[in-house]
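Q: Contents are PDB, C-alpha atoms and all ligand atoms; file name upload-v7.pdb:
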```pdb
ATOM      1  CA  MET A  15      12.744  35.458  16.690
ATOM      2  CA  ARG A  16      10.461  35.240  19.697
ATOM      3  CA  LYS A  17      11.168  32.196  21.815
ATOM      4  CA  ILE A  18       7.962  30.473  22.866
ATOM      5  CA  ALA A  19       7.662  27.650  25.407
ATOM      6  CA  ILE A  20       4.671  25.492  26.231
ATOM      7  CA  TYR A  21       4.131  24.838  29.926
ATOM      8  CA  PRO A  22       1.730  21.865  29.883
ATOM      9  CA  GLY A  23      -0.075  20.146  32.714
ATOM     10  CA  SER A  24      -3.319  19.238  34.391
ATOM     11  CA  PHE A  25      -3.260  22.235  36.752
ATOM     12  CA  ASP A  26      -5.999  20.730  38.951
ATOM     13  CA  PRO A  27      -5.627  23.321  40.444
ATOM     14  CA  VAL A  28      -2.718  25.694  39.743
ATOM     15  CA  THR A  29      -0.444  26.129  42.787
ATOM     16  CA  ASN A  30       2.142  28.743  43.712
ATOM     17  CA  GLY A  31       4.742  26.190  42.597
ATOM     18  CA  HIS A  32       3.322  26.297  39.048
ATOM     19  CA  VAL A  33       3.233  30.106  39.127
ATOM     20  CA  ASP A  34       6.872  30.140  40.256
ATOM     21  CA  ILE A  35       7.938  27.885  37.355
ATOM     22  CA  ALA A  36       6.141  30.041  34.769
ATOM     23  CA  GLN A  37       7.715  33.208  36.222
ATOM     24  CA  ARG A  38      11.169  31.611  36.058
ATOM     25  CA  GLY A  39      10.428  30.482  32.510
ATOM     26  CA  LEU A  40       9.887  34.099  31.480
ATOM     27  CA  LYS A  41      13.556  34.790  32.248
ATOM     28  CA  ILE A  42      14.454  32.398  29.411
ATOM     29  CA  PHE A  43      11.528  32.596  26.987
ATOM     30  CA  ASP A  44       9.727  35.579  25.460
ATOM     31  CA  LYS A  45       6.332  33.986  25.747
ATOM     32  CA  ILE A  46       4.931  31.080  27.736
ATOM     33  CA  ILE A  47       1.743  29.283  26.827
ATOM     34  CA  VAL A  48       0.344  27.527  29.877
ATOM     35  CA  ALA A  49      -1.559  24.646  28.311
ATOM     36  CA  ILE A  50      -4.114  22.500  30.111
ATOM     37  CA  LEU A  51      -4.484  18.986  28.764
ATOM     38  CA  HIS A  52      -8.129  18.373  27.875
ATOM     39  CA  ASN A  53      -8.478  14.763  28.932
ATOM     40  CA  PRO A  54     -12.128  13.655  29.154
ATOM     41  CA  VAL A  55     -11.137  10.192  30.458
ATOM     42  CA  LYS A  56      -9.332  11.302  33.617
ATOM     43  CA  LYS A  57     -11.333  12.599  36.564
ATOM     44  CA  PHE A  58     -10.436  16.052  37.810
ATOM     45  CA  LEU A  59     -11.719  18.104  40.738
ATOM     46  CA  PHE A  60     -12.104  21.201  38.572
ATOM     47  CA  SER A  61     -13.549  21.430  35.063
ATOM     48  CA  VAL A  62     -11.329  22.657  32.238
ATOM     49  CA  GLU A  63     -13.242  25.972  32.274
ATOM     50  CA  GLU A  64     -12.614  26.411  36.012
ATOM     51  CA  ARG A  65      -8.934  25.588  35.575
ATOM     52  CA  VAL A  66      -8.624  28.102  32.711
ATOM     53  CA  GLU A  67     -10.293  30.761  34.872
ATOM     54  CA  MET A  68      -7.951  30.109  37.809
ATOM     55  CA  LEU A  69      -4.853  30.143  35.579
ATOM     56  CA  LYS A  70      -5.926  33.340  33.802
ATOM     57  CA  SER A  71      -6.500  35.056  37.117
ATOM     58  CA  SER A  72      -3.152  33.816  38.492
ATOM     59  CA  PHE A  73      -1.258  35.187  35.484
ATOM     60  CA  GLU A  74      -3.253  38.342  34.790
ATOM     61  CA  ALA A  75      -0.249  40.535  35.623
ATOM     62  CA  TYR A  76       1.872  38.772  32.984
ATOM     63  CA  PRO A  77       1.092  39.804  29.387
ATOM     64  CA  ASN A  78       3.641  37.277  28.063
ATOM     65  CA  ILE A  79       1.897  34.325  29.676
ATOM     66  CA  GLU A  80      -1.115  32.941  27.819
ATOM     67  CA  VAL A  81      -3.502  30.225  28.939
ATOM     68  CA  GLU A  82      -4.893  27.663  26.511
ATOM     69  CA  THR A  83      -6.182  24.098  26.394
ATOM     70  CA  PHE A  84      -5.010  21.304  24.141
ATOM     71  CA  ASP A  85      -5.801  17.717  23.340
ATOM     72  CA  GLY A  86      -3.862  15.011  21.558
ATOM     73  CA  LEU A  87      -0.106  14.853  21.456
ATOM     74  CA  LEU A  88       1.795  17.564  23.274
ATOM     75  CA  VAL A  89       4.614  17.746  20.711
ATOM     76  CA  GLU A  90       2.100  18.277  17.898
ATOM     77  CA  TYR A  91       0.452  21.077  19.810
ATOM     78  CA  ALA A  92       3.889  22.545  20.634
ATOM     79  CA  SER A  93       4.945  22.683  16.973
ATOM     80  CA  LYS A  94       1.573  24.056  15.905
ATOM     81  CA  LYS A  95       2.134  26.944  18.332
ATOM     82  CA  GLY A  96       5.654  27.560  16.976
ATOM     83  CA  SER A  97       7.247  26.773  20.332
ATOM     84  CA  ILE A  98      10.830  25.606  20.717
ATOM     85  CA  ALA A  99      10.473  24.062  24.155
ATOM     86  CA  ILE A 100       8.296  22.247  26.636
ATOM     87  CA  LEU A 101       8.720  23.663  30.118
ATOM     88  CA  ARG A 102       8.323  21.400  33.143
ATOM     89  CA  GLY A 103       8.950  21.973  36.823
ATOM     90  CA  MET A 104      11.103  19.596  38.828
ATOM     91  CA  ARG A 105      10.636  19.378  42.573
ATOM     92  CA  ALA A 106      12.379  16.376  44.017
ATOM     93  CA  VAL A 107      13.903  13.080  42.961
ATOM     94  CA  SER A 108      10.426  11.551  43.015
ATOM     95  CA  ASP A 109       9.467  13.663  39.963
ATOM     96  CA  PHE A 110      12.477  12.535  38.008
ATOM     97  CA  GLU A 111      11.440   9.140  36.693
ATOM     98  CA  TYR A 112       8.110  10.241  35.240
ATOM     99  CA  GLU A 113       9.542  13.480  33.860
ATOM    100  CA  PHE A 114      12.443  11.614  32.282
ATOM    101  CA  GLN A 115      10.052   9.181  30.537
ATOM    102  CA  LEU A 116       7.828  11.989  29.324
ATOM    103  CA  ALA A 117      10.756  14.032  27.999
ATOM    104  CA  LEU A 118      12.337  11.074  26.217
ATOM    105  CA  MET A 119       9.049  10.038  24.628
ATOM    106  CA  ASN A 120       8.429  13.600  23.482
ATOM    107  CA  ARG A 121      11.925  13.764  22.035
ATOM    108  CA  ARG A 122      11.361  10.484  20.208
ATOM    109  CA  LEU A 123       8.146  11.907  18.768
ATOM    110  CA  ASN A 124       9.658  15.227  17.731
ATOM    111  CA  ARG A 125      13.369  15.975  17.959
ATOM    112  CA  GLU A 126      12.882  19.695  17.276
ATOM    113  CA  VAL A 127      11.117  20.425  20.563
ATOM    114  CA  GLN A 128      13.390  20.498  23.624
ATOM    115  CA  THR A 129      12.224  19.805  27.158
ATOM    116  CA  VAL A 130      13.494  22.333  29.683
ATOM    117  CA  PHE A 131      13.281  21.551  33.396
ATOM    118  CA  LEU A 132      13.310  24.305  35.954
ATOM    119  CA  MET A 133      13.654  23.854  39.704
ATOM    120  CA  THR A 134      10.866  25.275  41.784
ATOM    121  CA  GLY A 135      11.771  27.662  44.573
ATOM    122  CA  LEU A 136      12.644  25.752  47.751
ATOM    123  CA  ARG A 137       9.508  26.980  49.503
ATOM    124  CA  TRP A 138       7.350  25.145  46.963
ATOM    125  CA  ILE A 139       9.326  21.923  46.898
ATOM    126  CA  PHE A 140       6.671  19.983  48.826
ATOM    127  CA  THR A 141       3.579  21.457  47.202
ATOM    128  CA  SER A 142       1.546  19.539  44.668
ATOM    129  CA  SER A 143      -1.999  19.932  43.416
ATOM    130  CA  SER A 144      -2.976  16.566  44.943
ATOM    131  CA  ILE A 145      -1.618  17.224  48.415
ATOM    132  CA  ILE A 146      -3.157  20.694  48.435
ATOM    133  CA  LYS A 147      -6.558  19.260  47.439
ATOM    134  CA  GLU A 148      -6.328  16.682  50.197
ATOM    135  CA  ALA A 149      -5.435  19.254  52.849
ATOM    136  CA  ALA A 150      -8.141  21.639  51.618
ATOM    137  CA  GLN A 151     -10.771  18.889  51.646
ATOM    138  CA  PHE A 152     -10.284  18.426  55.379
ATOM    139  CA  GLY A 153     -10.216  22.128  56.136
ATOM    140  CA  GLY A 154      -6.432  22.566  56.182
ATOM    141  CA  ASP A 155      -5.125  26.084  55.642
ATOM    142  CA  ILE A 156      -3.496  26.156  52.213
ATOM    143  CA  GLU A 157      -3.863  29.897  51.642
ATOM    144  CA  THR A 158      -0.135  30.574  51.337
ATOM    145  CA  MET A 159       0.392  27.775  48.809
ATOM    146  CA  VAL A 160      -2.049  28.772  46.072
ATOM    147  CA  PRO A 161      -3.164  31.939  44.269
ATOM    148  CA  PRO A 162      -6.097  33.688  46.045
ATOM    149  CA  ILE A 163      -8.679  32.547  43.471
ATOM    150  CA  VAL A 164      -7.678  28.911  44.000
ATOM    151  CA  ASN A 165      -8.015  29.218  47.759
ATOM    152  CA  GLN A 166     -11.507  30.634  47.244
ATOM    153  CA  LYS A 167     -12.532  27.973  44.699
ATOM    154  CA  LEU A 168     -11.263  25.131  46.907
ATOM    155  CA  LYS A 169     -13.324  26.445  49.799
ATOM    156  CA  GLU A 170     -16.400  26.621  47.557
ATOM    157  CA  LYS A 171     -15.765  23.126  46.190
ATOM    158  CA  PHE A 172     -15.522  21.600  49.650
ATOM    159  CA  GLY A 173     -18.339  23.692  51.121
ATOM    160  CA  LEU A 174     -16.016  25.427  53.565
ATOM    161  CA  ASN A 175     -17.245  28.973  52.982
ATOM    162  CA  SER A 176     -18.757  30.373  56.144
TER     163      SER A 176
HETATM  164  O1  LIG B   1       0.365  17.953  35.233
HETATM  165  P1  LIG B   1       0.563  16.600  34.623
HETATM  166  O2  LIG B   1      -0.683  15.775  34.797
HETATM  167  O3  LIG B   1       1.793  15.913  35.151
HETATM  168  O4  LIG B   1       0.787  16.825  33.044
HETATM  169  C1  LIG B   1       0.989  15.731  32.174
HETATM  170  C2  LIG B   1       0.979  16.192  30.692
HETATM  171  C3  LIG B   1      -0.295  16.944  30.376
HETATM  172  C4  LIG B   1       2.164  17.093  30.444
HETATM  173  C5  LIG B   1       1.104  14.913  29.807
HETATM  174  O5  LIG B   1       0.170  13.967  30.230
HETATM  175  C6  LIG B   1       0.879  15.185  28.318
HETATM  176  O6  LIG B   1       1.645  15.890  27.700
HETATM  177  N1  LIG B   1      -0.199  14.609  27.743
HETATM  178  C7  LIG B   1      -0.565  14.786  26.339
HETATM  179  C8  LIG B   1      -0.348  13.508  25.518
HETATM  180  C9  LIG B   1       1.128  13.333  25.229
HETATM  181  O7  LIG B   1       1.650  13.962  24.341
HETATM  182  N2  LIG B   1       1.811  12.522  26.069
HETATM  183  C10 LIG B   1       3.258  12.374  26.055
HETATM  184  C11 LIG B   1       3.767  11.377  25.075
HETATM  185  S1  LIG B   1       2.915   9.852  25.083
END
```
Will you turn the file into structure tokens for me?
Ligand code: PNS
A:
Amino acid sequence: MRKIAIYPGSFDPVTNGHVDIAQRGLKIFDKIIVAILHNPVKKFLFSVEERVEMLKSSFEAYPNIEVETFDGLLVEYASKKGSIAILRGMRAVSDFEYEFQLALMNRRLNREVQTVFLMTGLRWIFTSSSIIKEAAQFGGDIETMVPPIVNQKLKEKFGLNS
């Protein structure tokens, strides 16, 4: 049986930390579906289409990583896709409380889907989409923290292309 995991998130935008988690996930699962939550209420810097494009480009070398969007309950989407696990990255203690709540709620909603936490590589421990967006907005060099397409798109978004 092929073991499939869903790696859900906002990915606004994808960072090297996210890429690292998905790559680590492939050592455990046969296939990973990176799933962007389609949430029309929340405001994002990038549209869903832009986020899909950036994720697809970031994972183009990985045939066992697919990129999709979902709406509604994550556990329902996970079972529909035949996945046995939800994959989430854990950086520091600050992530723990929210991740713990999310995992326990998901377990309450569907006991068949397990949440698996993986530690990011130490070099990505401080990276987050929000802090990268903030640095990029003010012209900070974030090139080594994101896939090349994201660096390019952030520059375009903030009008920093010379
Ligand atoms: O990258 P994020 O924003 O931390 O990802 C959060 C995400 C998308 C994993 C979470 O908000 C989610 O799963 N939303 C879908 C609705 C749902 O099932 N929520 C959890 C139980 S209420």
Q: Please identify all protein, DNA and RNA residues within 7 Å of ligand LIG 1 (chain B), counting only C-alpha atoms and all ligand atoms, and report them as JSON, numbers by chain.
A: {"A": [22, 23, 24, 25, 50, 51, 85, 86, 87, 88, 89, 116, 119, 120]}
Q: With all atoms listed in the file as the atoms that count, which of A:Phe110, A:Phe152, A:Phe60, A:Phe43 lies nearest to Ser97 (chain A)?
A: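 Between A:Phe110, A:Phe152, A:Phe60, A:Phe43, the residue approaching Ser97 (chain A) most closely is A:Phe43.
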Q: Counting all atoms listed in the file, what are the residues of region 72-112 of chain A within 7 Å of region 122-134 of chain A, and for each of them which pair of atoms is the nearest and at what distance in Å, to one decimal? Sort the table by chain and rising number, as CSV.
A:
```
residue,atom,partner,partner_atom,distance
A:Val89,CA,A:Asn124,CA,6.4
A:Ile98,CA,A:Val127,CA,5.2
A:Ala99,CA,A:Gln128,CA,4.6
A:Ile100,CA,A:Thr129,CA,4.7
A:Leu101,CA,A:Val130,CA,5.0
A:Arg102,CA,A:Phe131,CA,5.0
A:Gly103,CA,A:Leu132,CA,5.0
A:Met104,CA,A:Met133,CA,5.0
A:Arg105,CA,A:Thr134,CA,6.0
```
Q: Given the choices A:Asn53, A:Thr141, A:Asn175, A:Gln166, which gets closest to Ala106 (chain A) if the distance is worked out from all atoms listed in the file?
A: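 Among the listed residues, A:Thr141 lies closest to Ala106 (chain A).
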Q: Please check which residues have atoms at most 7 Å from (6.2, 25.1, 44.6) in the file's coordinates, counting only C-alpha atoms, and write them as a list in words.
A: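 Returned residue set, sorted by chain then number, is Thr29, Asn30, Gly31, His32, Asp34, Thr134, Gly135, Arg137, Trp138, Ile139, Phe140 and Thr141 of chain A.
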Q: Rounded to one decimal place, report the CA of Tyr112 (chain A)-CA of Arg65 (chain A) distance in Å.
A: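 CA of Arg65 (chain A) lies 22.9 Å from CA of Tyr112 (chain A).
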Q: Rounded to one decimal in Å, what is the spacing between CA of Gly39 (chain A) and CA of Ala19 (chain A)?
A: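 For CA of Gly39 (chain A) relative to CA of Ala19 (chain A), the distance reads 8.1 Å.
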Q: Between A:Val160, A:Leu59, A:Ala150, A:Ala36, which one has atoms that come closest to Leu174 (chain A), using all atoms listed in the file?
A: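 The closest residue to Leu174 (chain A) is A:Ala150.
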Q: Go ahead and compute the interatomic distance for CA of Glu80 (chain A) and CA of Ile46 (chain A), in Å to one decimal.
A: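 Distance between the two atoms: 6.3 Å.
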Q: Provide an axis-aligned box for all listed atoms of region 154-161 of chain A, padding each side by 5 Å; report its centre and its edge lengths in Å to one decimal, as lines of an AutoDock Vina configuration file.
A:
```
center_x = -3.0
center_y = 27.3
center_z = 50.2
size_x = 16.8
size_y = 19.4
size_z = 21.9
```
Q: Neighbouring residues of Glu63 (chain A) were defined as those with any atom within 12 Å, considering all atoms listed in the file; residues of the same chain fewer than 5 positions away were excluded. Please report them as a list of chain:residue names.
A: A:Phe25, A:Asp26, A:Pro27, A:Ile50, A:Leu51, A:His52, A:Phe58, A:Met68, A:Leu69, A:Lys70, A:Val81, A:Glu82, A:Thr83
Q: Check the smallest atom-to-atom distance from each of A:Glu111, A:Ile20, A:Gly173, A:Val28 to Pro161 (chain A) using all atoms listed in the file, then report the winner.
A: A:Val28
Q: Nearest to Tyr76 (chain A) among A:Val164, A:Leu40, A:Ile18, A:Ala49, with distances taken over only C-alpha atoms: which residue is it?
A: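 Selected residue with least distance to Tyr76 (chain A): A:Leu40.
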Q: In the coordinates of the file, take the point (7.0, 30.1, 14.7) and a cut-off of 9 Å; then, counting all atoms listed in the file, name each qualifying protein, DNA or RNA residue as a count of residues only.
A: 10
Q: Using all atoms listed in the file for the distances, tell me which of A:Pro77, A:Glu148, A:Val66, A:Phe84 is nearest to Ile163 (chain A).
A: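 Residue with the minimum atom-to-atom distance to Ile163 (chain A): A:Val66.
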